[in-house]
Each structure stands twice: as structure tokens, then as C-alpha cells.
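my_file.cif follows (mmCIF, C-alpha atoms and all ligand atoms):
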```
data_upload
loop_
_atom_site.label_atom_id
_atom_site.label_comp_id
_atom_site.auth_asym_id
_atom_site.auth_seq_id
_atom_site.Cartn_x
_atom_site.Cartn_y
_atom_site.Cartn_z
CA MET H 656 -13.61 -59.88 144.48
CA CYS H 657 -13.23 -63.27 146.16
CA ARG H 658 -12.07 -63.48 149.79
CA ILE H 659 -10.53 -66.61 151.24
CA ASN H 660 -11.31 -67.46 154.83
CA LEU H 661 -7.97 -68.59 156.24
CA ASP H 662 -8.13 -71.17 159.01
CA VAL H 663 -5.46 -72.61 161.28
CA PHE H 664 -5.69 -76.20 159.94
CA ASN H 665 -4.98 -74.82 156.51
CA ILE H 666 -1.87 -72.97 157.58
CA PHE H 667 -0.29 -75.22 160.23
CA GLY H 668 -1.73 -78.59 159.24
CA LYS H 669 -4.21 -80.59 161.29
CA ASP H 670 -1.67 -83.22 162.39
CA PHE H 671 0.73 -80.71 163.85
CA LEU H 672 -2.05 -78.86 165.69
CA ASN H 673 -3.49 -82.13 167.04
CA SER H 674 -0.03 -83.03 168.29
CA ILE H 675 0.07 -79.88 170.45
CA GLY H 676 -3.46 -80.39 171.71
CA ILE H 677 -5.50 -78.22 169.32
CA THR H 678 -8.35 -80.23 167.90
CA ASN H 679 -10.76 -77.50 166.73
CA ASN H 680 -10.22 -75.62 163.53
CA VAL H 681 -10.71 -71.82 163.79
CA LEU H 682 -10.62 -68.90 161.40
CA PHE H 683 -7.82 -66.36 161.63
CA SER H 684 -10.49 -63.68 161.67
CA ASP H 685 -11.61 -64.93 165.11
CA LEU H 686 -8.82 -63.27 167.08
CA ASN H 687 -9.66 -64.65 170.53
CA ALA H 688 -9.78 -68.23 169.29
CA VAL H 689 -6.61 -67.82 167.30
CA ASP H 690 -4.80 -66.36 170.34
CA GLU H 691 -5.25 -69.76 172.03
CA VAL H 692 -3.51 -71.40 169.08
CA TRP H 693 -0.61 -68.95 169.25
CA LYS H 694 -0.16 -69.68 172.96
CA LYS H 695 0.39 -73.37 172.23
CA ALA H 696 2.11 -73.14 168.87
CA LYS H 697 4.95 -70.87 169.94
CA THR H 698 7.10 -69.77 167.06
CA ASN H 699 10.41 -67.98 166.78
CA VAL H 700 9.54 -66.75 163.34
CA PHE H 701 7.54 -63.71 164.25
CA THR H 702 5.67 -61.99 167.07
CA TYR H 703 2.53 -60.05 166.37
CA PRO H 704 2.00 -56.50 167.64
CA GLU H 705 0.41 -56.21 171.09
CA ARG H 706 -3.35 -56.36 171.21
CA GLY H 707 -5.05 -53.21 172.43
CA ASP H 708 -5.17 -50.93 169.42
CA ASP H 709 -8.83 -51.19 168.52
CA ASN H 710 -8.23 -50.19 164.96
CA LEU H 711 -5.72 -52.88 164.20
CA TRP H 712 -7.13 -55.77 166.18
CA GLN H 713 -10.80 -56.45 165.76
CA SER H 714 -12.38 -59.87 165.48
CA LEU H 715 -14.20 -59.99 162.17
CA GLU H 716 -17.46 -61.84 162.73
CA GLU H 717 -18.33 -61.01 159.17
CA MET H 718 -16.11 -60.20 156.25
CA PRO H 719 -16.54 -56.57 155.27
CA THR H 720 -18.79 -55.91 152.31
CA TYR H 721 -18.71 -52.72 150.32
CA VAL H 722 -22.03 -51.72 148.83
CA ALA H 723 -22.59 -48.63 146.70
CA VAL H 724 -25.81 -46.84 147.70
CA GLU H 725 -27.94 -44.60 145.52
CA ALA H 726 -28.13 -40.98 146.69
CA LYS H 727 -31.11 -38.81 147.42
CA THR H 728 -30.84 -35.56 145.54
CA LEU H 729 -31.57 -31.97 146.55
CA ASP H 730 -31.91 -29.15 144.01
CA THR H 731 -30.36 -25.75 144.57
CA LYS H 732 -30.14 -22.47 142.67
CA PHE H 733 -26.33 -22.36 142.84
CA ARG H 734 -24.98 -21.19 139.47
CA PRO H 735 -21.38 -22.29 138.93
CA ASN H 736 -20.88 -19.98 135.93
CA ALA H 737 -21.97 -16.79 137.73
CA LYS H 738 -19.09 -14.33 137.62
CA ALA H 739 -18.79 -14.14 141.42
CA ASN H 740 -18.53 -17.93 141.58
CA MET H 741 -15.82 -18.06 138.94
CA ASP H 742 -13.74 -15.13 140.21
CA LEU H 743 -10.82 -15.92 142.45
CA ALA H 744 -12.02 -15.60 146.04
CA PHE H 745 -8.64 -16.06 147.77
CA PRO H 746 -5.05 -15.04 147.09
CA VAL H 747 -3.42 -18.05 145.45
CA ARG H 748 -0.70 -19.70 147.49
CA VAL H 749 2.63 -19.55 145.71
CA ARG H 750 5.56 -21.47 147.12
CA GLU H 751 8.18 -18.98 145.94
CA ASN H 752 6.20 -15.98 147.15
CA GLU H 753 6.00 -15.88 150.93
CA ASP H 754 3.79 -12.78 151.05
CA ARG H 755 1.14 -14.40 148.86
CA SER H 756 1.30 -17.57 150.94
CA LEU H 757 0.90 -15.58 154.13
CA GLU H 758 -2.07 -13.72 152.67
CA ASN H 759 -3.62 -17.02 151.65
CA PHE H 760 -3.08 -18.40 155.16
CA ARG H 761 -4.64 -15.33 156.83
CA CYS H 762 -7.67 -15.32 154.54
CA THR H 763 -8.17 -19.04 155.12
CA GLU H 764 -7.97 -18.52 158.89
CA ARG H 765 -10.56 -15.72 158.75
CA VAL H 766 -13.02 -17.78 156.70
CA ARG H 767 -12.36 -20.85 158.87
CA GLN H 768 -13.71 -18.77 161.76
CA GLN H 769 -16.87 -17.96 159.80
CA ALA H 770 -17.34 -21.52 158.60
CA SER H 771 -16.94 -22.84 162.17
CA GLY H 772 -20.12 -20.92 163.03
CA ALA H 773 -22.11 -22.54 160.20
CA LEU H 774 -25.84 -23.00 160.64
CA LYS H 775 -26.68 -26.60 161.45
CA PRO H 776 -30.05 -27.68 160.03
CA LYS H 777 -31.36 -30.54 162.17
CA THR H 778 -33.65 -32.12 159.63
CA LEU H 779 -33.49 -32.67 155.91
CA GLN H 780 -36.51 -30.39 155.61
CA GLN H 781 -34.63 -27.59 157.37
CA LEU H 782 -31.61 -28.18 155.13
CA ARG H 783 -33.84 -27.94 152.08
CA SER H 784 -35.33 -24.66 153.18
CA ARG H 785 -31.91 -23.19 154.18
CA LEU H 786 -30.56 -24.10 150.76
CA ARG H 787 -33.55 -22.45 149.12
CA SER H 788 -32.71 -19.10 150.69
CA MET H 789 -28.94 -19.51 150.39
CA TYR H 790 -28.36 -18.25 146.81
CA ASP H 791 -29.50 -14.96 145.21
CA ILE H 792 -31.09 -14.57 141.78
CA HIS H 793 -27.63 -14.82 140.18
CA GLY H 794 -27.08 -18.16 141.89
CA VAL H 795 -24.48 -16.69 144.25
CA HIS H 796 -24.11 -17.33 147.98
CA LYS H 797 -26.01 -14.34 149.46
CA ARG H 798 -24.14 -13.87 152.71
CA GLU H 799 -20.65 -15.09 152.12
CA ASP H 800 -19.93 -15.19 155.86
CA LYS H 801 -22.83 -17.61 156.47
CA PHE H 802 -22.26 -21.29 155.86
CA ILE H 803 -24.46 -24.37 156.06
CA TYR H 804 -23.17 -27.43 157.90
CA ILE H 805 -24.35 -30.72 156.38
CA ASN H 806 -25.32 -33.04 159.22
CA ARG H 807 -23.53 -36.37 158.70
CA ASP H 808 -26.69 -38.21 159.69
CA PHE H 809 -28.28 -37.04 156.43
CA ALA H 810 -25.70 -39.02 154.44
CA LYS H 811 -25.42 -42.13 156.63
CA LYS H 812 -28.21 -44.33 155.27
CA GLN H 813 -28.16 -42.89 151.80
CA PRO H 814 -25.64 -40.45 150.31
CA LEU H 815 -26.74 -36.89 149.67
CA LYS H 816 -26.28 -35.28 146.27
CA LEU H 817 -26.74 -31.54 145.92
CA LEU H 818 -27.39 -30.34 142.39
CA ASP H 819 -26.63 -26.89 140.99
CA VAL H 820 -29.06 -24.88 138.89
CA ASN H 821 -28.01 -26.86 135.78
CA GLY H 822 -28.83 -30.15 137.50
CA GLU H 823 -25.13 -31.00 137.83
CA ASN H 824 -23.42 -32.34 140.91
CA MET H 825 -22.10 -29.56 143.14
CA CYS H 826 -21.50 -31.75 146.18
CA PHE H 827 -21.99 -35.47 146.72
CA PHE H 828 -21.55 -36.63 150.31
CA ASP H 829 -21.49 -40.33 151.24
CA ALA H 830 -21.19 -41.48 154.86
CA THR H 831 -22.78 -44.91 154.29
CA LEU H 832 -19.72 -47.11 154.77
CA PRO H 833 -20.32 -49.45 157.74
CA ASP H 834 -17.96 -49.31 160.74
CA PRO H 835 -16.09 -52.63 160.12
CA GLU H 836 -15.20 -51.43 156.62
CA ARG H 837 -13.94 -48.13 158.05
CA ARG H 838 -11.81 -49.94 160.62
CA SER H 839 -10.44 -52.26 157.97
CA LEU H 840 -9.53 -49.24 155.82
CA ASN H 841 -7.64 -47.51 158.63
CA ALA H 842 -5.92 -50.77 159.55
CA SER H 843 -4.79 -51.14 155.93
CA LEU H 844 -3.32 -47.65 155.94
CA VAL H 845 -1.43 -48.26 159.21
CA ALA H 846 -0.21 -51.64 157.95
CA ILE H 847 1.03 -50.19 154.65
CA MET H 848 2.91 -47.42 156.45
CA ASP H 849 4.34 -49.95 158.88
CA ALA H 850 5.47 -52.32 156.15
CA HIS H 851 7.34 -49.50 154.42
CA ASN H 852 8.68 -47.95 157.60
CA ILE H 853 6.98 -44.64 156.97
CA SER H 854 5.78 -42.64 159.96
CA LEU H 855 3.30 -40.29 158.38
CA THR H 856 0.24 -41.31 160.33
CA LYS H 857 1.32 -39.52 163.55
CA SER H 858 -1.07 -37.17 165.35
CA PHE H 859 -0.96 -33.44 164.82
CA ASP H 860 -2.81 -30.31 165.87
CA SER H 861 -3.09 -28.07 162.81
CA LYS H 862 -4.25 -24.99 164.72
CA LYS H 863 -1.26 -25.13 167.05
CA GLU H 864 1.11 -25.68 164.13
CA GLY H 865 -0.41 -22.62 162.39
CA ILE H 866 1.40 -21.49 159.27
CA GLN H 867 4.09 -24.14 159.87
CA HIS H 868 1.58 -26.92 159.26
CA CYS H 869 2.80 -28.92 156.31
CA VAL H 870 1.03 -31.62 154.28
CA THR H 871 2.90 -34.55 152.75
CA ALA H 872 1.38 -35.82 149.52
CA LEU H 873 2.23 -38.88 147.43
CA HIS H 874 1.18 -38.43 143.81
CA PHE H 875 0.39 -41.77 142.22
CA SER H 876 -0.54 -39.90 139.10
CA THR H 877 -0.61 -40.12 135.36
CA TYR H 878 -0.02 -36.68 133.92
CA ASN H 879 -0.14 -35.02 130.60
CA ARG H 880 0.57 -31.52 131.90
CA MET H 881 3.17 -29.45 130.07
CA HIS H 882 2.92 -31.98 127.28
CA MET H 883 4.55 -31.23 123.98
CA ASP H 884 2.21 -29.93 121.32
CA GLY H 885 2.47 -31.55 117.94
CA SER H 886 -0.25 -29.51 116.24
CA GLU H 887 2.27 -27.16 114.63
CA ALA H 888 4.59 -29.95 113.52
CA PRO H 889 4.59 -30.82 109.80
CA SER H 890 2.10 -33.59 109.16
CA GLY H 891 3.73 -36.95 109.50
CA ALA H 892 6.70 -35.44 111.38
CA TYR H 893 8.66 -37.78 113.54
CA PRO H 894 7.47 -36.72 117.06
CA PHE H 895 10.88 -36.95 118.67
CA ALA H 896 12.12 -34.36 116.23
CA THR H 897 9.90 -31.80 117.94
CA ALA H 898 11.06 -32.56 121.51
CA HIS H 899 12.45 -29.57 123.44
CA TYR H 900 15.87 -29.24 124.93
CA GLU H 901 15.84 -29.13 128.73
CA ALA H 902 18.64 -27.68 130.81
CA HIS H 903 20.13 -29.79 133.61
CA GLY H 904 22.92 -27.67 135.02
CA ASP H 905 25.36 -27.27 132.18
CA GLU H 906 23.98 -30.21 130.26
CA PHE H 907 21.13 -30.21 127.79
CA HIS H 908 18.90 -33.19 127.13
CA LEU H 909 16.11 -33.76 124.72
CA ASN H 910 12.92 -34.07 126.72
CA TYR H 911 11.06 -37.02 125.27
CA SER H 912 9.17 -37.78 128.48
CA GLN H 913 6.26 -35.44 127.88
CA LEU H 914 5.33 -36.42 124.38
CA SER H 915 2.62 -38.70 125.73
CA PRO H 916 1.00 -39.21 129.18
CA TYR H 917 3.62 -40.04 131.78
CA MET H 918 3.79 -41.34 135.33
CA ALA H 919 4.56 -38.99 138.21
CA ARG H 920 8.11 -39.35 139.45
CA GLU H 921 6.77 -40.24 142.92
CA LEU H 922 5.01 -43.22 141.41
CA LYS H 923 8.12 -44.43 139.59
CA GLU H 924 10.29 -44.00 142.68
CA ASN H 925 7.83 -45.67 145.07
CA THR H 926 6.59 -48.65 143.10
CA PRO H 927 6.53 -51.09 146.08
CA LEU H 928 4.55 -48.59 148.14
CA TYR H 929 2.20 -47.96 145.23
CA ASN H 930 1.67 -51.71 144.84
CA SER H 931 0.89 -52.01 148.56
CA PHE H 932 -1.87 -49.43 148.16
CA LEU H 933 -3.25 -51.27 145.14
CA GLU H 934 -3.23 -54.62 146.93
CA SER H 935 -4.55 -53.48 150.30
CA CYS H 936 -7.12 -50.95 149.19
CA THR H 937 -8.73 -52.73 146.22
CA ASP H 938 -12.05 -53.03 148.06
CA ILE H 939 -12.29 -49.36 148.83
CA PHE H 940 -11.18 -48.31 145.34
CA ASN H 941 -13.85 -50.59 143.88
CA TRP H 942 -16.43 -49.16 146.25
CA VAL H 943 -15.56 -45.59 145.27
CA SER H 944 -15.73 -46.57 141.61
CA GLU H 945 -19.12 -48.25 141.98
CA THR H 946 -20.45 -45.36 144.05
CA VAL H 947 -19.50 -42.73 141.50
CA LEU H 948 -20.71 -44.93 138.64
CA LEU H 949 -24.11 -45.26 140.30
CA ASN H 950 -24.46 -41.63 141.31
CA CYS H 951 -22.61 -39.53 138.72
CA PRO H 952 -22.94 -41.56 135.48
CA ASP H 953 -22.56 -38.60 133.10
CA GLU H 954 -19.35 -37.38 134.64
CA VAL H 955 -18.03 -40.96 134.75
CA GLU H 956 -18.68 -41.30 131.07
CA SER H 957 -16.57 -38.26 130.24
CA LEU H 958 -13.76 -39.41 132.55
CA GLU H 959 -13.87 -42.87 130.98
CA LEU H 960 -13.36 -41.40 127.52
CA VAL H 961 -10.02 -40.13 128.79
CA LEU H 962 -9.07 -43.43 130.46
CA GLU H 963 -9.80 -45.43 127.35
CA GLU H 964 -7.22 -43.44 125.42
CA LEU H 965 -4.42 -43.84 127.96
CA PRO H 966 -1.40 -45.43 126.34
CA VAL H 967 -0.52 -49.01 127.25
CA SER H 968 -3.14 -49.85 129.89
CA GLY H 969 -6.26 -47.97 128.78
CA SER H 970 -7.64 -48.44 132.30
CA SER H 971 -6.95 -47.32 135.85
CA PRO H 972 -7.06 -48.92 139.32
CA PHE H 973 -8.80 -45.71 140.44
CA HIS H 974 -11.52 -45.89 137.83
CA PRO H 975 -13.04 -43.57 136.64
CA TRP H 976 -10.10 -41.38 137.62
CA ALA H 977 -6.56 -41.73 136.32
CA SER H 978 -4.73 -40.78 139.52
CA LEU H 979 -4.63 -41.16 143.26
CA VAL H 980 -3.05 -38.66 145.63
CA VAL H 981 -2.45 -39.87 149.18
CA ASN H 982 -2.31 -36.91 151.58
CA PHE H 983 -0.82 -37.25 155.07
CA LYS H 984 -1.20 -34.79 157.95
CA VAL H 985 -3.64 -33.08 155.68
CA ILE H 986 -5.48 -29.87 156.46
CA THR H 987 -5.60 -27.80 153.28
CA ARG H 988 -5.72 -24.04 152.92
CA ALA H 989 -8.02 -22.33 150.42
CA HIS H 990 -7.27 -23.57 146.92
CA ARG H 991 -8.78 -24.72 143.64
CA ASP H 992 -7.30 -27.72 141.86
CA TYR H 993 -7.06 -26.12 138.43
CA HIS H 994 -5.50 -29.21 136.88
CA ASP H 995 -8.42 -31.47 137.80
CA ASN H 996 -10.81 -32.62 135.12
CA ASN H 997 -14.49 -32.58 135.97
CA LEU H 998 -15.10 -34.03 139.44
CA CYS H 999 -12.62 -35.10 142.08
CA GLY H 1000 -13.25 -37.50 144.96
CA VAL H 1001 -11.93 -37.03 148.51
CA LEU H 1002 -12.02 -39.92 150.97
CA ALA H 1003 -10.93 -39.02 154.50
CA LEU H 1004 -8.77 -41.45 156.54
CA GLY H 1005 -7.43 -41.73 160.08
CA ASN H 1006 -8.52 -40.91 163.62
CA PHE H 1007 -9.18 -37.24 164.11
CA VAL H 1008 -11.57 -34.57 165.32
CA GLY H 1009 -12.47 -31.64 163.03
CA GLY H 1010 -11.01 -31.34 159.53
CA GLU H 1011 -14.39 -30.54 157.93
CA LEU H 1012 -14.16 -29.80 154.21
CA VAL H 1013 -15.48 -26.35 153.27
CA LEU H 1014 -16.76 -25.66 149.74
CA TYR H 1015 -16.49 -21.90 149.71
CA GLU H 1016 -18.58 -20.75 146.72
CA GLN H 1017 -21.34 -23.22 147.61
CA GLY H 1018 -21.11 -22.11 151.26
CA LEU H 1019 -21.10 -25.69 152.56
CA VAL H 1020 -19.26 -27.34 155.46
CA ILE H 1021 -18.93 -31.13 155.15
CA PRO H 1022 -18.02 -32.98 158.36
CA LEU H 1023 -15.92 -35.71 156.73
CA GLN H 1024 -14.99 -38.59 158.99
CA SER H 1025 -12.68 -41.48 158.12
CA GLY H 1026 -14.28 -43.54 155.32
CA ASP H 1027 -16.58 -40.69 154.19
CA LEU H 1028 -16.46 -39.69 150.56
CA VAL H 1029 -17.10 -36.30 148.94
CA ILE H 1030 -17.24 -35.75 145.19
CA PHE H 1031 -17.24 -32.19 143.84
CA PRO H 1032 -15.91 -30.04 140.99
CA SER H 1033 -12.53 -29.21 142.55
CA HIS H 1034 -11.20 -27.19 139.59
CA ARG H 1035 -13.82 -24.49 140.03
CA THR H 1036 -14.59 -24.72 143.75
CA THR H 1037 -12.41 -22.98 146.32
CA HIS H 1038 -12.06 -25.49 149.14
CA PHE H 1039 -10.15 -25.95 152.38
CA ASN H 1040 -10.34 -27.82 155.68
CA LEU H 1041 -11.18 -26.61 159.16
CA HIS H 1042 -8.52 -27.36 161.75
CA ALA H 1043 -8.12 -30.92 163.00
CA VAL H 1044 -6.49 -32.72 165.92
CA GLY H 1045 -5.40 -36.33 165.51
CA SER H 1046 -4.05 -38.22 162.55
CA ARG H 1047 -5.76 -37.18 159.36
CA ALA H 1048 -4.96 -38.43 155.88
CA SER H 1049 -6.98 -38.54 152.68
CA PHE H 1050 -7.21 -40.23 149.32
CA VAL H 1051 -7.89 -37.80 146.50
CA PHE H 1052 -9.04 -39.27 143.17
CA THR H 1053 -8.36 -37.04 140.18
CA THR H 1054 -7.77 -36.91 136.45
CA ASP H 1055 -5.33 -34.42 134.94
CA GLN H 1056 -7.35 -32.06 132.73
CA GLU H 1057 -4.57 -32.07 130.15
CA LEU H 1058 -5.21 -35.76 129.44
CA ASP H 1059 -8.14 -34.46 127.36
CA SER H 1060 -5.62 -33.27 124.84
CA TRP H 1061 -4.19 -36.77 124.54
CA ALA H 1062 -7.66 -38.27 124.21
CA LEU H 1063 -8.60 -35.67 121.59
CA ASN H 1064 -5.69 -35.88 119.18
CA ASN H 1065 -2.63 -37.44 120.84
CA ASN H 1066 -1.36 -33.99 121.88
CA GLY H 1067 -1.60 -32.83 118.29
CA PHE H 1068 0.46 -35.75 117.01
CA ASP H 1069 -2.50 -37.57 115.51
CA GLY H 1070 -1.03 -37.04 112.05
CA SER H 1071 2.11 -38.87 113.07
CA ILE H 1072 2.53 -42.35 111.75
CA ILE H 1073 4.86 -43.12 114.67
CA MET H 1074 2.34 -42.08 117.35
CA ASN H 1075 -0.56 -43.83 115.68
CA GLY H 1076 1.52 -46.91 115.28
CA ALA H 1077 2.27 -46.85 119.02
CA ASN H 1078 -1.34 -46.29 119.98
O1 LIG X 1 -8.18 -33.91 152.58
C1 LIG X 1 -9.08 -33.18 152.23
O2 LIG X 1 -10.16 -33.08 152.85
C2 LIG X 1 -8.94 -32.29 151.00
C3 LIG X 1 -7.75 -32.57 150.16
C4 LIG X 1 -7.64 -31.66 148.96
O3 LIG X 1 -8.44 -30.80 148.73
C5 LIG X 1 -6.52 -31.81 148.01
O4 LIG X 1 -5.61 -32.64 148.23
O5 LIG X 1 -6.50 -31.11 146.97
FE FE X 2 -8.14 -29.95 146.72
#
```

Would you mind writing the file out in C-alpha cells?
Ligand SMILES: O=C(O)CCC(=O)C(=O)O
Ligand SMILES: [Fe+2]
Amino acid sequence: MCRINLDVFNIFGKDFLNSIGITNNVLFSDLNAVDEVWKKAKTNVFTYPERGDDNLWQSLEEMPTYVAVEAKTLDTKFRPNAKANMDLAFPVRVRENEDRSLENFRCTERVRQQASGALKPKTLQQLRSRLRSMYDIHGVHKREDKFIYINRDFAKKQPLKLLDVNGENMCFFDATLPDPERRSLNASLVAIMDAHNISLTKSFDSKKEGIQHCVTALHFSTYNRMHMDGSEAPSGAYPFATAHYEAHGDEFHLNYSQLSPYMARELKENTPLYNSFLESCTDIFNWVSETVLLNCPDEVESLELVLEELPVSGSSPFHPWASLVVNFKVITRAHRDYHDNNLCGVLALGNFVGGELVLYEQGLVIPLQSGDLVIFPSHRTTHFNLHAVGSRASFVFTTDQELDSWALNNNGFDGSIIMNGAN
């Protein structure tokens, strides 16, 4: 991506600035120098927010650069397919069932306590040896109340990639992003929220809020879930003829919207906000994409196969994933993201203390700070956050597992002349 260094001569014109006594050109990224210009070139058009918030106002001596770094890998004996690792470890939270939700909350609280006392290996060597004795001969976490905390320092110069017994990624942790890039990311988030008059970046204390704590999520997603299945339709059938009737009060409509992959309603209803994220966060999305491409090439390949088959665009701004979820005030309770395909990526955002991500079956506690990235198999890993104080948000990169069915045979409509014509 090309960045343009904006300077004051360029914007106001040299003649005008000379006429008010400014003879030196300066870059807008040099905030102190540009303040002098603002003092002389008073304008009624706009006033900028007060200086003082370190995250918003920082002189940029250098433009941020986003470099993907290759990880160092550690082997483990964790076996994802062991029965104990596949079985449900927590009661699933169900919105309509308060008892189940309460049970889920209580279990999460109990395990949060255990995970808060995780062992903290000080060196990579210690981490290696702890991991060696962590899993039994079946590849299962031996003492489920004992967790290992991954020191952030281990992932600062080079990301850390932990492999399961099959040599597949069970947890990739990247804390390499330099501070100016992290500040720029948080500033973008605040600016986007500001521009759209949304106050979701306020501080919270999740422990105090307890069971009342509530996450707000924006799903900028492409789904194929609950798609219509054309495999039983007569070959060459007109796909619309197989659409179901959907009840809307007393009215019935044919539901054409799930014949092929479709955009989440939140994306359709918040297009300007979505565009702001695309425009302001391109650098970070590219960095995430390059990082996962460099470090998880096999998984990227399988996710790309899905992207390539997406109708219309055949690509995604969140490559190699099809969707972005933006979470605000986010501290999750124990859950698995059953709809996710393969790996998901979580990038923490904001100013907060705590909020570590716990991967339950693996027995790992990841101290994610703003700008840190974790990539793990979210569909088969129970995960949750420890409590946090401050403003915590996150980007979650995912692909709907059901998109496989579109990539495979157009949801069973591959015999349809109409669908193939449209593809
Ligand atoms: O914000 C996080 O650390 C985790 C978010 C998450 O797991 C989710 O949105 O499914
Ligand atoms: Fe999740």
C-alpha cells in the first residue's frame, strides 16, 4: 500500500501560508510543528479534539510499517481427536434457556479462578518442559485445573506456534506488532466510532458486571448457514422452485435469500460503518493476512478454496477468511464456535488490563494485549476470556463452515443450469 505524506504547503498553499508568516513546510504527522500552523491559520471550519489523549495524538516520526514475522514452533503431544478433547466440557449457553446460561456462567467463573493461577514458565526452555509433561498418553490435559500461562515476551520478537501431535496448529500467538502500529490501530477504532457516533469503546469492569456483562458484536459476515439444499431437487430444476416458504406474522414469503452465500443483515444495514473499517484498517487486515499466509500456509490454502468460489467477488478484504466480527466490551464465556471453518483469528483492541484468552482443552492462557493476534481452531476448542477492566474490543476473523457446501457443489445446485450460469 502507498502512503502519502501530507504537508501544509500542499493543503493550504505556499502563498497563503507565507502571507500569514509561515515560511517552512511541515508534515501533518509532525503534530508540534503543525500546531504552530494552526495557531496562525485560524479557521472557522473545524476545531480538532484537545491534545492529551496519548492514543489519538502522537507525532509520527516514522510511518507505521506492518511486517509479518515467521514463528518459532514448539511441538506438543496434544491430540485434538482424543475423546476427552472432543467432548463438551461446558454447558452450552442458550439464550432462551436461562438455567443453561447460568450454569455456563458459573462453570466459566470456576475455571477462570483455576486459569488465573496458571503456572508461568519464565523461559522458553521451561515452557517447553512444562508442555512436555502437560498431556497424558492420550494427548489429553493431565490436570484439568492446571493451566500454563504463555509469557508475552516469548511472542514479541517472533510469534510462537504450538503444534499438536499431528503437527497442526493448536495455538499461534503473535505479539510482534510495534507500538506505533498498535497506537495507530486503537486510534483508528476510536476515530471510526467517533465518526459514526457510536459509544461502544467505553470502559467496563467485567467482574463487577458479573452475569449482566453483555458483549456487542457487529457481524460483517458472509454466511451460507441454513442454506437451501438442492441435492434432492430434480436435475436441472429451477432453483427458485425449491425455495421454502417463510412465515412473517400472517404473511408467507418465498425465501430466496439462502440459495447462495449471503451477507449478514448487520453488514447490509451498516454499510457506511463497514466501509470505514475497510478504509481505516486496511494495513492491519493486510498484516493479519500476510502473517497467517506465512505461518499457516496449509490452512490458508483450504480457506482460499472457499473464498475463490464466493459468488460475485471471489475474494475477501479479510483474506484468507470470509468474515470479520467486531466485538465491543468483549469478555467471552466458555464457548466453541461450531460454525467456524478451520482456524479463526482473534486480534485484541483497546486499553485494558486482563482479558487473557484461555484455550481450555489445550490448558493455555494467552495474555492478549491490544494488537496481539491469536490463531486457533475455534470450532473444536472451548475458549473464554479472564475478566478485564478497561475498554476491550476484538476483531475476530472467521469463515462460515457451511461455505464449504457452496464451494463443493453450489449447495447441491450444481446440476442447475441457472446456478451455473450465474457462477
Ligand atoms: O475477544 C476475544 O478474546 C475472543 C472473542 C471470541 O472468542 C469470539 O468472538 O468468538
Ligand atoms: Fe470465540

Contacts with ligand FE 2 (chain X) at most 7 Å, only C-alpha atoms and all ligand atoms counted, listed as a PyMOL selection string: chain H and resi 990-992+1033+1038

Of the candidates H:Ala1048, H:Val681, H:Leu928, H:Val689, which one gets nearest to ligand LIG 1 (chain X) if we count all atoms listed in the file?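 Ranked by minimum distance to ligand LIG 1 (chain X), first place goes to H:Ala1048.
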
When the cut-off is 8 Å and you count all atoms listed in the file, which residues lie near ligand LIG 1 (chain X), shown as a JSON list (two decimals) with C-alpha atoms, in the coordinates of the input?
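Listing of pocket-v9.json after writing:
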```
[["chain", "number", "residue", "atom", "x", "y", "z"],
["H", 872, "ALA", "CA", 1.38, -35.82, 149.52],
["H", 980, "VAL", "CA", -3.05, -38.66, 145.63],
["H", 981, "VAL", "CA", -2.45, -39.87, 149.18],
["H", 982, "ASN", "CA", -2.31, -36.91, 151.58],
["H", 985, "VAL", "CA", -3.64, -33.08, 155.68],
["H", 986, "ILE", "CA", -5.48, -29.87, 156.46],
["H", 987, "THR", "CA", -5.60, -27.80, 153.28],
["H", 990, "HIS", "CA", -7.27, -23.57, 146.92],
["H", 991, "ARG", "CA", -8.78, -24.72, 143.64],
["H", 992, "ASP", "CA", -7.30, -27.72, 141.86],
["H", 1001, "VAL", "CA", -11.93, -37.03, 148.51],
["H", 1002, "LEU", "CA", -12.02, -39.92, 150.97],
["H", 1003, "ALA", "CA", -10.93, -39.02, 154.50],
["H", 1010, "GLY", "CA", -11.01, -31.34, 159.53],
["H", 1011, "GLU", "CA", -14.39, -30.54, 157.93],
["H", 1012, "LEU", "CA", -14.16, -29.80, 154.21],
["H", 1023, "LEU", "CA", -15.92, -35.71, 156.73],
["H", 1033, "SER", "CA", -12.53, -29.21, 142.55],
["H", 1038, "HIS", "CA", -12.06, -25.49, 149.14],
["H", 1039, "PHE", "CA", -10.15, -25.95, 152.38],
["H", 1040, "ASN", "CA", -10.34, -27.82, 155.68],
["H", 1047, "ARG", "CA", -5.76, -37.18, 159.36],
["H", 1048, "ALA", "CA", -4.96, -38.43, 155.88],
["H", 1049, "SER", "CA", -6.98, -38.54, 152.68],
["H", 1050, "PHE", "CA", -7.21, -40.23, 149.32],
["H", 1051, "VAL", "CA", -7.89, -37.80, 146.50]]
```

Choose the residue, out of H:Arg755, H:Pro835, H:Ala830, H:Gly1018, that has the smallest atom-to-atom separation from Val943 of chain H; count all atoms listed in the file.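 Once distances to Val943 of chain H are computed over all atoms listed in the file, the minimum belongs to H:Ala830.
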
Segment 1025-1027 of chain H surroundings by all atoms listed in the file, 8 Å radius, close-in-sequence under 5 positions cut, as a list of chain:residue names: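 In the requested form, the answer reads H:Phe828, H:Asp829, H:Ala830, H:Thr831, H:Leu832, H:Arg837, H:Leu840, H:Asn841, H:Leu1002, H:Ala1003, H:Leu1004, H:Gly1005, H:Asn1006.
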